[in-house]
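**Q** Could you have a look at this structure, given as structure tokens, before my questions?
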Amino acid sequence: MDASTLANASVVGIGESTRFAHETFALRDDLFRDLVEHYNFRTLAIQDSADVAEALDAYVREGKGTAVSALDNAWRPWRTGEMVAALSWIREFNEAHPGDQVQIIGVKPVQAKPEDYDAVLDAVRAHAPSYAAALASHLEPIRTAHAVDEHVQRARGTHPGRPFLDHARDASALIAEIPDLDETIRTRMALIEDFHKHSVAGRGSFAGEGRLWATSIIEHHRRTGSRIVYWDGIAHVSAESTTLGKAADQGDIVTVGSVLREHFGRDYASVAIGFHHGNVGVAEIPAPAPDFLDAELGDGSDRIQWLDMRTDPISKPVKMRVISGVYDPARDAEEHLAIRNLSEAFDVLIHIPEVTPVSWLS
């Protein structure tokens, strides 16, 4: 594995086919470290909100808190021992290079956090107690989405039933009725509603908000000139629009990577890290369907494969497995990303034969 093949890019997107595997995270982290140490990449962009990234950045650049505490409000897939190790390494690098530090940014706008629900409820109980019970009936069920995404709750059969966005809108309507309520409380309620509006369940789509998230990266590069590594799933870093097998009816998805390719051209490089089979904790992942690229590459014994699409292109449509929080082994053949031209979507493809679970924080 040689990061020099990515050395000329301004932005490198490194995507995993699952967020649950130790080996895919570790390989991505190793590649990131190589880009930082040898090729002057100085920003890590992640799929999380700007305020969460501020906490991570305060730890890695200023030593505020700990790597674990910095992740307190992070999106669940980042709350792992592997991410703690990644943050700790960045902190050590920054201590050794105080004038040339690595920064962390989030690609999403500021989002609601669990404490916003507490603040809204506490304020209403104190200021307009007659509204408190009705408000709690809307906010208590939907705050659970900060621990387990609403669409994942539906897939697991633990969802309480009513769409969370409907609850959030009803809560906003109640807040709007209360006279003389502190405006900061109304602002927090607006953040809560916005959180559910832009969730996978609220959007009604597994696609992210590619243009919005890409703009965060583009604007950071414009302001700072910093070379950026972007961590996300392969469905987001792909430099070509894609289709998710389990959401084929939604058609092509505008990815963050496709917007970055439009803007940067070949100065945006994309890397996909996939695997053949293994245990990821939430499920035992079988060998992929025969028509998957992952099956074509094989289990390869203990050998990790590195394929450079620029020197040895695979210019054909492919399916690549994607294991998300709603993965169901019974529908394994649907759990894929459909790509029209592999060499346009990814500059580098890395294939791991077998994976094991990440270490979740409590």
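A note on labels: chains of the structure tokens are A, B, ... as shown, every chain counts residues from 1, and ligands are counted from 1 in their shown order.
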Write out as a ChimeraX atom specification the set of residues from segment 80-138 of chain A that DSSP, computed on the backbone, places in alpha helix (DSSP H).
**A** /A:81-96,114-127,132-138
**Q** Would you pick out the contacts of segment 65-74 of chain A at 12 Å or less, using only C-alpha atoms, so that residues sharing its chain but fewer than 3 positions from it are not included, and give the list as an NGL selection string?
**A** :A and (46-62 or 77-92 or 104 or 106 or 110-116 or 146-147 or 360-362)
**Q** With only C-alpha atoms as the counted atoms, please give the residues lying no more than 6 Å from Val358 of chain A, apart from itself and same-chain residues fewer than 6 positions off, as a PyMOL selection string.
**A** chain A and resi 20-22
**Q** Output C-alpha atoms of each residue in that selection to a file, as a compact mmCIF listing (two decimals), in the first residue's frame.
**A**
# COMPACT_ATOMS: atom_id res chain seq x y z
CA PHE A 20 -18.52 -1.81 11.61
CA ALA A 21 -15.21 -3.45 10.66
CA HIS A 22 -11.92 -2.98 12.47
**Q** Residues within 10 Å of segment 157-159 of chain A, please, as a list in words. Count only C-alpha atoms; anything in the same chain fewer than 4 positions from it doesn't count.
**A**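 Returned residues: Pro141, Ile142, Thr144, Ala145, Val148, Asp149, Glu150, His151, Val152, Gln153, Pro163 and Phe164 of chain A.
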**Q** To one decimal place in Å, what is the distance between atom CA of Gly210 of chain A and atom CA of Arg223 of chain A?
**A**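 Atom-to-atom, atom CA of Gly210 of chain A to atom CA of Arg223 of chain A, that is 20.1 Å.
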**Q** Any idea what the distance is between atom CA of Met189 of chain A and atom CA of Pro129 of chain A?
**A**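 If I compute the distance from atom CA of Met189 of chain A to atom CA of Pro129 of chain A, I get 16.7 Å.
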**Q** Extract, using only C-alpha atoms, all DNA, RNA and protein residues at most 8 Å from Ala136 of chain A, discarding same-chain residues fewer than 4 positions from it, and format them as a list in words.
**A**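 With the cut-off at 8 Å, the set is Leu121, Ala132 and Glu140 of chain A.
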**Q** Let's have the selection written as a PDB file, in the first residue's frame, with all heavy atoms.
**A**
ATOM      1  N   LEU A 121     -37.424  21.267  27.290  1.00  0.00           N
ATOM      2  CA  LEU A 121     -38.395  20.755  28.263  1.00  0.00           C
ATOM      3  C   LEU A 121     -38.289  21.480  29.601  1.00  0.00           C
ATOM      4  O   LEU A 121     -39.312  21.844  30.207  1.00  0.00           O
ATOM      5  CB  LEU A 121     -38.195  19.249  28.453  1.00  0.00           C
ATOM      6  CG  LEU A 121     -38.707  18.371  27.307  1.00  0.00           C
ATOM      7  CD1 LEU A 121     -38.180  16.946  27.446  1.00  0.00           C
ATOM      8  CD2 LEU A 121     -40.240  18.365  27.279  1.00  0.00           C
ATOM      9  N   ALA A 132     -46.149  21.288  29.247  1.00  0.00           N
ATOM     10  CA  ALA A 132     -45.009  20.386  29.427  1.00  0.00           C
ATOM     11  C   ALA A 132     -45.313  18.934  29.054  1.00  0.00           C
ATOM     12  O   ALA A 132     -44.506  18.274  28.393  1.00  0.00           O
ATOM     13  CB  ALA A 132     -44.499  20.471  30.853  1.00  0.00           C
ATOM     14  N   GLU A 140     -39.755  13.091  23.908  1.00  0.00           N
ATOM     15  CA  GLU A 140     -39.108  11.922  24.523  1.00  0.00           C
ATOM     16  C   GLU A 140     -38.907  10.771  23.528  1.00  0.00           C
ATOM     17  O   GLU A 140     -37.836  10.153  23.506  1.00  0.00           O
ATOM     18  CB  GLU A 140     -39.896  11.457  25.741  1.00  0.00           C
ATOM     19  CG  GLU A 140     -39.891  12.444  26.909  1.00  0.00           C
ATOM     20  CD  GLU A 140     -38.494  12.692  27.480  1.00  0.00           C
ATOM     21  OE1 GLU A 140     -37.538  11.991  27.099  1.00  0.00           O
ATOM     22  OE2 GLU A 140     -38.363  13.606  28.299  1.00  0.00           O
TER      23      GLU A 140
END
**Q** Quick one: residues within 7 Å of Ala9 of chain A, only C-alpha atoms, excluding same-chain residues fewer than 4 positions away - as a PyMOL selection string?
**A** chain A and resi 267-269
